[in-house]
Amino acid sequence: MYEKIVIVGCGPAGSSAAIRLLESDVTKEVTIYEKRKQIGFPPRCAGGFHGSRAEAHGIAIPEEVIKARIKKLVFKAPHQTAEFNFSELGFDDLKYYSIDRTMFDQILAKKAESMGAEIETNVEVWGLRGSQGLEVWGPPVGTSPNVRQVEFDVLIAAAGFKEGPFSDLFEVPPTEDKEMATCLQYVMRVKNYPQDTMTFIFGKEVAPGGYAWIFPAGDRDVRVGLGIPMSMRSNPGTYLDALVERMWWTKGRNFKECIGRILPTTKPLKTGVVRDNIILAGDQLHATDPLTGGGIIPAILTGRAAADAILTGNVRGYDQLWKPLLEENKTRYRAKKLFAMSDRKLDRLVELFSQFRPKELKPGEEVRQLLKFIARKDPLLLASLVRILL
Ligand SMILES: Cc1cc2nc3c(=O)[nH]c(=O)nc-3n(C[C@H](O)[C@H](O)[C@H](O)COP(=O)(O)OP(=O)(O)OC[C@H]3O[C@@H](n4cnc5c(N)ncnc54)[C@H](O)[C@@H]3O)c2cc1C
């Protein structure tokens, strides 16, 4: 059994792995190294959270992190709009939230700590040393650098996409630019944006090859952002500024915050086991939903799976544990191509979406359901959709 477990990164993947490990009596020592001074801050997320999907996986969402309860999803193409009003469609039970991501990460970390994890913040894992050692940089002591070597029996790399010293171990060949999205988001105080509505906007003028989002963030705040494939070689700021300028309800707006980051929009890596004692979880494994960029739930699920593999003493068995997520992501990866369709086809898709009236929605499988519906409805779109779906 592994005695000393080191986790790099105190995001949802790292904390969830620690919690799962410490729920078991056999775990001896869990240390998390986090390079930021404050866990979860600054936030790098839009805070969209599929509460029903989380529940289906036994993931609890603390009440205090919920900033807005979503009752309506709006999808906009250049000339068409579709509204998905939960109660009008008979889905009163559907839970979608906009959450405070910093608070969420901090609550998870506190739970891990209360169960016995040692969390060191402001400490960056810099390099690997041999097969069981790390080089760890803390804040300087006086004028001297503060570098330590730490040992581990098994390590969970949960440092986020392309972070930490691990990429060299598994990124062969490196991720292509079309498999990553450059994201930019503003948090603004605005007038008149409904706090129960999430809006998604598609089209070449707004976010070519990707999409823009407007999520309520509680009070009168909204998170307005977009992601476009890195291969576009375009500045997301130009598109985001243009979008914000066009929105009537942002008159008198106050900018509060700006975040930018690159997200994986590819399928997870072929294996999450590197060497015999390093496991990749969350964004580090590219587990993010390649269609929406939603990565909180995949991070928690893969963090838990990493812990389970360690607890059974079978690190190599990890890949089997997160395989169901890979299957979901395969469909979503294909569906990502929809964003690259012409504006005319996007209009048609959104028009069809306004007719989508499913009897039930299966959490996590809505995209598959929607795509099947669209494929049935429009023979003209069928050919391109079949290529995407099969
Ligand atoms: C603009 C944007 C909007 C998003 N919106 C959503 C959304 O609405 N819903 C959703 O579900 N997902 C969203 N995501 C994705 C989501 O934020 C990530 O998928 C999720 O945070 C992944 O969790 P993680 O634990 O794997 O990594 P992270 O949350 O990135 O945590 C990794 C941690 O490791 C630390 N770290 C990095 N390097 C080192 C090192 N060398 N040493 C020590 N510590 C290190 C980092 O500081 C960080 O705290 C969004 C992402 C972006 C960029």
# chains A, B, ... in the order shown; residues from 1 in each chain; ligands from 1
>>> residues_near_ligand(ligand="ligand 1", cutoff="7 Å", atoms="only C-alpha atoms and all ligand atoms", output="ChimeraX atom specification")
/A:8-14,33-36,39-40,44-49,123-126,158-161,163-165,183-185,225,259-263,281-284,288,293-297,299
>>> select_by_dssp(residues="stretch 172-384 of chain A", states="strand (DSSP E)", output="ChimeraX atom specification")
/A:180-189,197-201,211-216,221-229,254-264,273-274,278-280
>>> atom_distance(atom1="atom CA of A:Arg220", atom2="atom CA of A:Ala242")
21.2 Å
>>> residues_around(residues="stretch 91-96 of chain A", least_positions_apart="6", cutoff="10 Å", atoms="only C-alpha atoms", output="VMD selection string")
chain A and resid 48 to 55 66 68 to 73 84 to 85 196 to 198 358 to 361 363
>>> write_last_selection(atoms="C-alpha atoms", output="tab-separated table (two decimals), in the first residue's frame")
chain	number	residue	atom	x	y	z
A	48	GLY	CA	-21.65	27.16	-14.84
A	49	PHE	CA	-22.58	24.02	-12.92
A	50	HIS	CA	-24.92	21.24	-13.99
A	51	GLY	CA	-26.45	20.45	-10.61
A	52	SER	CA	-28.52	17.50	-11.85
A	53	ARG	CA	-25.49	15.86	-13.44
A	54	ALA	CA	-23.50	16.42	-10.26
A	55	GLU	CA	-26.27	14.85	-8.19
A	66	ILE	CA	-24.88	29.03	-5.47
A	68	ALA	CA	-27.90	32.04	-9.25
A	69	ARG	CA	-30.43	29.30	-9.91
A	70	ILE	CA	-30.99	28.92	-13.62
A	71	LYS	CA	-34.49	28.50	-15.00
A	72	LYS	CA	-33.91	29.29	-18.66
A	73	LEU	CA	-31.23	28.62	-21.28
A	84	PHE	CA	-35.33	26.45	-23.17
A	85	ASN	CA	-37.56	27.39	-20.26
A	196	ASP	CA	-32.17	33.12	-13.82
A	197	THR	CA	-30.98	32.92	-17.43
A	198	MET	CA	-27.86	31.62	-19.12
A	358	PRO	CA	-37.92	15.94	-25.00
A	359	LYS	CA	-40.10	13.96	-22.59
A	360	GLU	CA	-37.15	13.42	-20.29
A	361	LEU	CA	-33.60	14.66	-20.04
A	363	PRO	CA	-28.14	14.35	-17.06
>>> closest_residue(among="A:Leu169, A:Met1, A:Ile19, A:Leu155", to="A:Met115", atoms="only C-alpha atoms")
A:Ile19
>>> residues_around(residues="A:Lys67", least_positions_apart="6", cutoff="12 Å", atoms="only C-alpha atoms", output="PyMOL selection string")
chain A and resi 46-49+61+96-104+195-196+215-223
>>> select_by_dssp(residues="stretch 244-341 of chain A", states="alpha helix (DSSP H)", output="PyMOL selection string")
chain A and resi 244-246+296-311+318-321+323-335
>>> write_last_selection(atoms="N, CA and C atoms", output="mmCIF file, in the first residue's frame")
data_model
loop_
_atom_site.group_PDB
_atom_site.id
_atom_site.type_symbol
_atom_site.label_atom_id
_atom_site.label_comp_id
_atom_site.auth_asym_id
_atom_site.auth_seq_id
_atom_site.Cartn_x
_atom_site.Cartn_y
_atom_site.Cartn_z
ATOM 1 N N VAL A 244 -19.678 42.969 -26.086
ATOM 2 C CA VAL A 244 -20.108 43.792 -24.960
ATOM 3 C C VAL A 244 -20.670 45.124 -25.459
ATOM 4 N N GLU A 245 -20.036 45.692 -26.475
ATOM 5 C CA GLU A 245 -20.515 46.962 -27.042
ATOM 6 C C GLU A 245 -21.929 46.839 -27.575
ATOM 7 N N ARG A 246 -22.239 45.646 -28.132
ATOM 8 C CA ARG A 246 -23.545 45.467 -28.781
ATOM 9 C C ARG A 246 -24.688 45.238 -27.807
ATOM 10 N N ILE A 296 -15.502 21.279 -14.224
ATOM 11 C CA ILE A 296 -15.518 21.091 -12.763
ATOM 12 C C ILE A 296 -15.900 19.645 -12.425
ATOM 13 N N ILE A 297 -17.011 19.188 -13.007
ATOM 14 C CA ILE A 297 -17.471 17.828 -12.679
ATOM 15 C C ILE A 297 -16.456 16.777 -13.164
ATOM 16 N N PRO A 298 -15.950 16.873 -14.417
ATOM 17 C CA PRO A 298 -14.914 15.909 -14.821
ATOM 18 C C PRO A 298 -13.685 15.931 -13.896
ATOM 19 N N ALA A 299 -13.335 17.112 -13.378
ATOM 20 C CA ALA A 299 -12.170 17.189 -12.480
ATOM 21 C C ALA A 299 -12.458 16.408 -11.196
ATOM 22 N N ILE A 300 -13.668 16.592 -10.664
ATOM 23 C CA ILE A 300 -14.014 15.884 -9.422
ATOM 24 C C ILE A 300 -14.043 14.367 -9.659
ATOM 25 N N LEU A 301 -14.655 13.968 -10.784
ATOM 26 C CA LEU A 301 -14.788 12.529 -11.060
ATOM 27 C C LEU A 301 -13.426 11.868 -11.268
ATOM 28 N N THR A 302 -12.533 12.555 -12.005
ATOM 29 C CA THR A 302 -11.220 11.927 -12.246
ATOM 30 C C THR A 302 -10.348 11.996 -10.981
ATOM 31 N N GLY A 303 -10.524 13.053 -10.178
ATOM 32 C CA GLY A 303 -9.795 13.115 -8.900
ATOM 33 C C GLY A 303 -10.200 11.943 -8.011
ATOM 34 N N ARG A 304 -11.504 11.700 -7.950
ATOM 35 C CA ARG A 304 -11.984 10.563 -7.149
ATOM 36 C C ARG A 304 -11.470 9.238 -7.696
ATOM 37 N N ALA A 305 -11.504 9.117 -9.028
ATOM 38 C CA ALA A 305 -11.051 7.861 -9.648
ATOM 39 C C ALA A 305 -9.568 7.630 -9.362
ATOM 40 N N ALA A 306 -8.779 8.703 -9.373
ATOM 41 C CA ALA A 306 -7.345 8.569 -9.080
ATOM 42 C C ALA A 306 -7.165 8.018 -7.663
ATOM 43 N N ALA A 307 -7.967 8.565 -6.732
ATOM 44 C CA ALA A 307 -7.884 8.090 -5.349
ATOM 45 C C ALA A 307 -8.283 6.614 -5.262
ATOM 46 N N ASP A 308 -9.347 6.239 -5.974
ATOM 47 C CA ASP A 308 -9.806 4.845 -5.923
ATOM 48 C C ASP A 308 -8.734 3.896 -6.441
ATOM 49 N N ALA A 309 -8.050 4.315 -7.518
ATOM 50 C CA ALA A 309 -6.993 3.459 -8.072
ATOM 51 C C ALA A 309 -5.889 3.271 -7.029
ATOM 52 N N ILE A 310 -5.557 4.327 -6.331
ATOM 53 C CA ILE A 310 -4.501 4.238 -5.317
ATOM 54 C C ILE A 310 -4.966 3.349 -4.155
ATOM 55 N N LEU A 311 -6.223 3.529 -3.759
ATOM 56 C CA LEU A 311 -6.722 2.762 -2.612
ATOM 57 C C LEU A 311 -6.771 1.264 -2.891
ATOM 58 N N TYR A 318 -6.349 2.690 -13.169
ATOM 59 C CA TYR A 318 -6.995 4.009 -13.203
ATOM 60 C C TYR A 318 -7.770 4.251 -14.497
ATOM 61 N N ASP A 319 -7.135 3.927 -15.617
ATOM 62 C CA ASP A 319 -7.760 4.228 -16.916
ATOM 63 C C ASP A 319 -9.154 3.607 -17.041
ATOM 64 N N GLN A 320 -9.309 2.421 -16.487
ATOM 65 C CA GLN A 320 -10.620 1.759 -16.547
ATOM 66 C C GLN A 320 -11.663 2.563 -15.771
ATOM 67 N N LEU A 321 -11.222 3.214 -14.698
ATOM 68 C CA LEU A 321 -12.171 3.912 -13.814
ATOM 69 C C LEU A 321 -12.744 5.171 -14.449
ATOM 70 N N LYS A 323 -13.002 5.624 -17.734
ATOM 71 C CA LYS A 323 -13.433 5.349 -19.107
ATOM 72 C C LYS A 323 -14.847 5.842 -19.446
ATOM 73 N N PRO A 324 -15.834 5.708 -18.524
ATOM 74 C CA PRO A 324 -17.181 6.201 -18.853
ATOM 75 C C PRO A 324 -17.167 7.682 -19.236
ATOM 76 N N LEU A 325 -16.321 8.456 -18.580
ATOM 77 C CA LEU A 325 -16.212 9.883 -18.899
ATOM 78 C C LEU A 325 -15.661 10.055 -20.315
ATOM 79 N N LEU A 326 -14.715 9.222 -20.661
ATOM 80 C CA LEU A 326 -14.128 9.295 -22.006
ATOM 81 C C LEU A 326 -15.205 9.036 -23.061
ATOM 82 N N GLU A 327 -16.081 8.061 -22.774
ATOM 83 C CA GLU A 327 -17.136 7.736 -23.741
ATOM 84 C C GLU A 327 -18.048 8.955 -23.952
ATOM 85 N N GLU A 328 -18.435 9.618 -22.854
ATOM 86 C CA GLU A 328 -19.267 10.828 -22.964
ATOM 87 C C GLU A 328 -18.541 11.897 -23.773
ATOM 88 N N ASN A 329 -17.274 12.072 -23.466
ATOM 89 C CA ASN A 329 -16.513 13.133 -24.122
ATOM 90 C C ASN A 329 -16.290 12.874 -25.608
ATOM 91 N N LYS A 330 -16.327 11.601 -25.997
ATOM 92 C CA LYS A 330 -16.137 11.296 -27.430
ATOM 93 C C LYS A 330 -17.263 11.919 -28.252
ATOM 94 N N THR A 331 -18.514 11.748 -27.773
ATOM 95 C CA THR A 331 -19.650 12.341 -28.495
ATOM 96 C C THR A 331 -19.528 13.856 -28.501
ATOM 97 N N ARG A 332 -19.189 14.400 -27.362
ATOM 98 C CA ARG A 332 -19.107 15.860 -27.243
ATOM 99 C C ARG A 332 -17.966 16.413 -28.097
ATOM 100 N N TYR A 333 -16.927 15.632 -28.234
ATOM 101 C CA TYR A 333 -15.801 16.061 -29.061
ATOM 102 C C TYR A 333 -16.249 16.187 -30.528
ATOM 103 N N ARG A 334 -17.035 15.193 -30.963
ATOM 104 C CA ARG A 334 -17.523 15.258 -32.355
ATOM 105 C C ARG A 334 -18.470 16.440 -32.521
ATOM 106 N N ALA A 335 -19.312 16.640 -31.508
ATOM 107 C CA ALA A 335 -20.308 17.720 -31.598
ATOM 108 C C ALA A 335 -19.646 19.092 -31.657
#
>>> residues_around(residues="A:Val30", least_positions_apart="5", cutoff="6 Å", atoms="only C-alpha atoms", output="list in words")
Ile5, Val6 and Ala117 of chain A
>>> write_last_selection(atoms="N, CA and C atoms", output="PDB file, in the first residue's frame")
ATOM      1  N   ILE A   5       1.363  10.076  -0.172  1.00  0.00           N
ATOM      2  CA  ILE A   5       0.697  10.481  -1.414  1.00  0.00           C
ATOM      3  C   ILE A   5       0.812  11.998  -1.555  1.00  0.00           C
ATOM      4  N   VAL A   6       1.331  12.428  -2.683  1.00  0.00           N
ATOM      5  CA  VAL A   6       1.476  13.858  -2.935  1.00  0.00           C
ATOM      6  C   VAL A   6       0.523  14.247  -4.055  1.00  0.00           C
ATOM      7  N   ALA A 117      -5.636  16.196   5.415  1.00  0.00           N
ATOM      8  CA  ALA A 117      -4.663  16.524   4.358  1.00  0.00           C
ATOM      9  C   ALA A 117      -3.834  17.729   4.796  1.00  0.00           C
TER      10      ALA A 117
END
>>> closest_residue(among="A:Gly203, A:Thr238, A:Glu120, A:Pro43", to="A:Val187", atoms="only C-alpha atoms")
A:Pro43
>>> closest_residue(among="A:Ala82, A:Val150, A:Val74, A:Met230", to="A:Phe200", atoms="only C-alpha atoms")
A:Val74
>>> residues_around(residues="stretch 345-355 of chain A", least_positions_apart="3", cutoff="6 Å", atoms="only C-alpha atoms", output="compact mmCIF listing (two decimals) with C-alpha atoms, in the first residue's frame")
# COMPACT_ATOMS: atom_id res chain seq x y z
CA ALA A 77 -27.40 32.25 -33.67
CA GLN A 80 -32.45 32.78 -34.68
CA ALA A 82 -34.19 29.36 -29.02
CA SER A 342 -21.65 28.34 -41.43
>>> decode(residues="stretch 48-96 of chain A", atoms="C-alpha atoms", output="PDB file, in the first residue's frame")
ATOM      1  CA  GLY A  48     -21.649  27.162 -14.842  1.00  0.00           C
ATOM      2  CA  PHE A  49     -22.580  24.024 -12.924  1.00  0.00           C
ATOM      3  CA  HIS A  50     -24.921  21.239 -13.987  1.00  0.00           C
ATOM      4  CA  GLY A  51     -26.445  20.450 -10.605  1.00  0.00           C
ATOM      5  CA  SER A  52     -28.518  17.495 -11.853  1.00  0.00           C
ATOM      6  CA  ARG A  53     -25.491  15.857 -13.440  1.00  0.00           C
ATOM      7  CA  ALA A  54     -23.498  16.424 -10.258  1.00  0.00           C
ATOM      8  CA  GLU A  55     -26.273  14.845  -8.186  1.00  0.00           C
ATOM      9  CA  ALA A  56     -26.358  11.831 -10.483  1.00  0.00           C
ATOM     10  CA  HIS A  57     -22.679  11.315  -9.598  1.00  0.00           C
ATOM     11  CA  GLY A  58     -23.185  11.888  -5.872  1.00  0.00           C
ATOM     12  CA  ILE A  59     -21.474  15.290  -5.919  1.00  0.00           C
ATOM     13  CA  ALA A  60     -22.926  17.622  -3.308  1.00  0.00           C
ATOM     14  CA  ILE A  61     -23.075  21.342  -3.984  1.00  0.00           C
ATOM     15  CA  PRO A  62     -22.937  23.540  -0.865  1.00  0.00           C
ATOM     16  CA  GLU A  63     -25.862  26.004  -0.789  1.00  0.00           C
ATOM     17  CA  GLU A  64     -23.649  28.998  -0.068  1.00  0.00           C
ATOM     18  CA  VAL A  65     -21.721  28.708  -3.355  1.00  0.00           C
ATOM     19  CA  ILE A  66     -24.880  29.034  -5.472  1.00  0.00           C
ATOM     20  CA  LYS A  67     -24.986  32.569  -6.868  1.00  0.00           C
ATOM     21  CA  ALA A  68     -27.904  32.043  -9.252  1.00  0.00           C
ATOM     22  CA  ARG A  69     -30.434  29.296  -9.913  1.00  0.00           C
ATOM     23  CA  ILE A  70     -30.990  28.917 -13.624  1.00  0.00           C
ATOM     24  CA  LYS A  71     -34.495  28.501 -14.999  1.00  0.00           C
ATOM     25  CA  LYS A  72     -33.912  29.290 -18.657  1.00  0.00           C
ATOM     26  CA  LEU A  73     -31.231  28.623 -21.280  1.00  0.00           C
ATOM     27  CA  VAL A  74     -31.160  30.893 -24.328  1.00  0.00           C
ATOM     28  CA  PHE A  75     -29.304  29.953 -27.530  1.00  0.00           C
ATOM     29  CA  LYS A  76     -28.626  32.639 -30.105  1.00  0.00           C
ATOM     30  CA  ALA A  77     -27.397  32.251 -33.675  1.00  0.00           C
ATOM     31  CA  PRO A  78     -27.078  35.322 -35.933  1.00  0.00           C
ATOM     32  CA  HIS A  79     -30.771  35.322 -36.953  1.00  0.00           C
ATOM     33  CA  GLN A  80     -32.446  32.781 -34.677  1.00  0.00           C
ATOM     34  CA  THR A  81     -33.044  32.410 -30.966  1.00  0.00           C
ATOM     35  CA  ALA A  82     -34.188  29.361 -29.023  1.00  0.00           C
ATOM     36  CA  GLU A  83     -35.354  29.448 -25.428  1.00  0.00           C
ATOM     37  CA  PHE A  84     -35.328  26.451 -23.170  1.00  0.00           C
ATOM     38  CA  ASN A  85     -37.556  27.386 -20.262  1.00  0.00           C
ATOM     39  CA  PHE A  86     -37.361  24.606 -17.659  1.00  0.00           C
ATOM     40  CA  SER A  87     -40.803  24.945 -16.130  1.00  0.00           C
ATOM     41  CA  GLU A  88     -42.660  25.535 -19.426  1.00  0.00           C
ATOM     42  CA  LEU A  89     -41.133  22.297 -20.697  1.00  0.00           C
ATOM     43  CA  GLY A  90     -41.979  20.376 -17.538  1.00  0.00           C
ATOM     44  CA  PHE A  91     -38.425  20.210 -16.193  1.00  0.00           C
ATOM     45  CA  ASP A  92     -38.938  21.988 -12.881  1.00  0.00           C
ATOM     46  CA  ASP A  93     -36.530  19.537 -11.270  1.00  0.00           C
ATOM     47  CA  LEU A  94     -33.653  20.361 -13.594  1.00  0.00           C
ATOM     48  CA  LYS A  95     -30.850  21.956 -11.605  1.00  0.00           C
ATOM     49  CA  TYR A  96     -28.450  24.352 -13.240  1.00  0.00           C
TER      50      TYR A  96
END
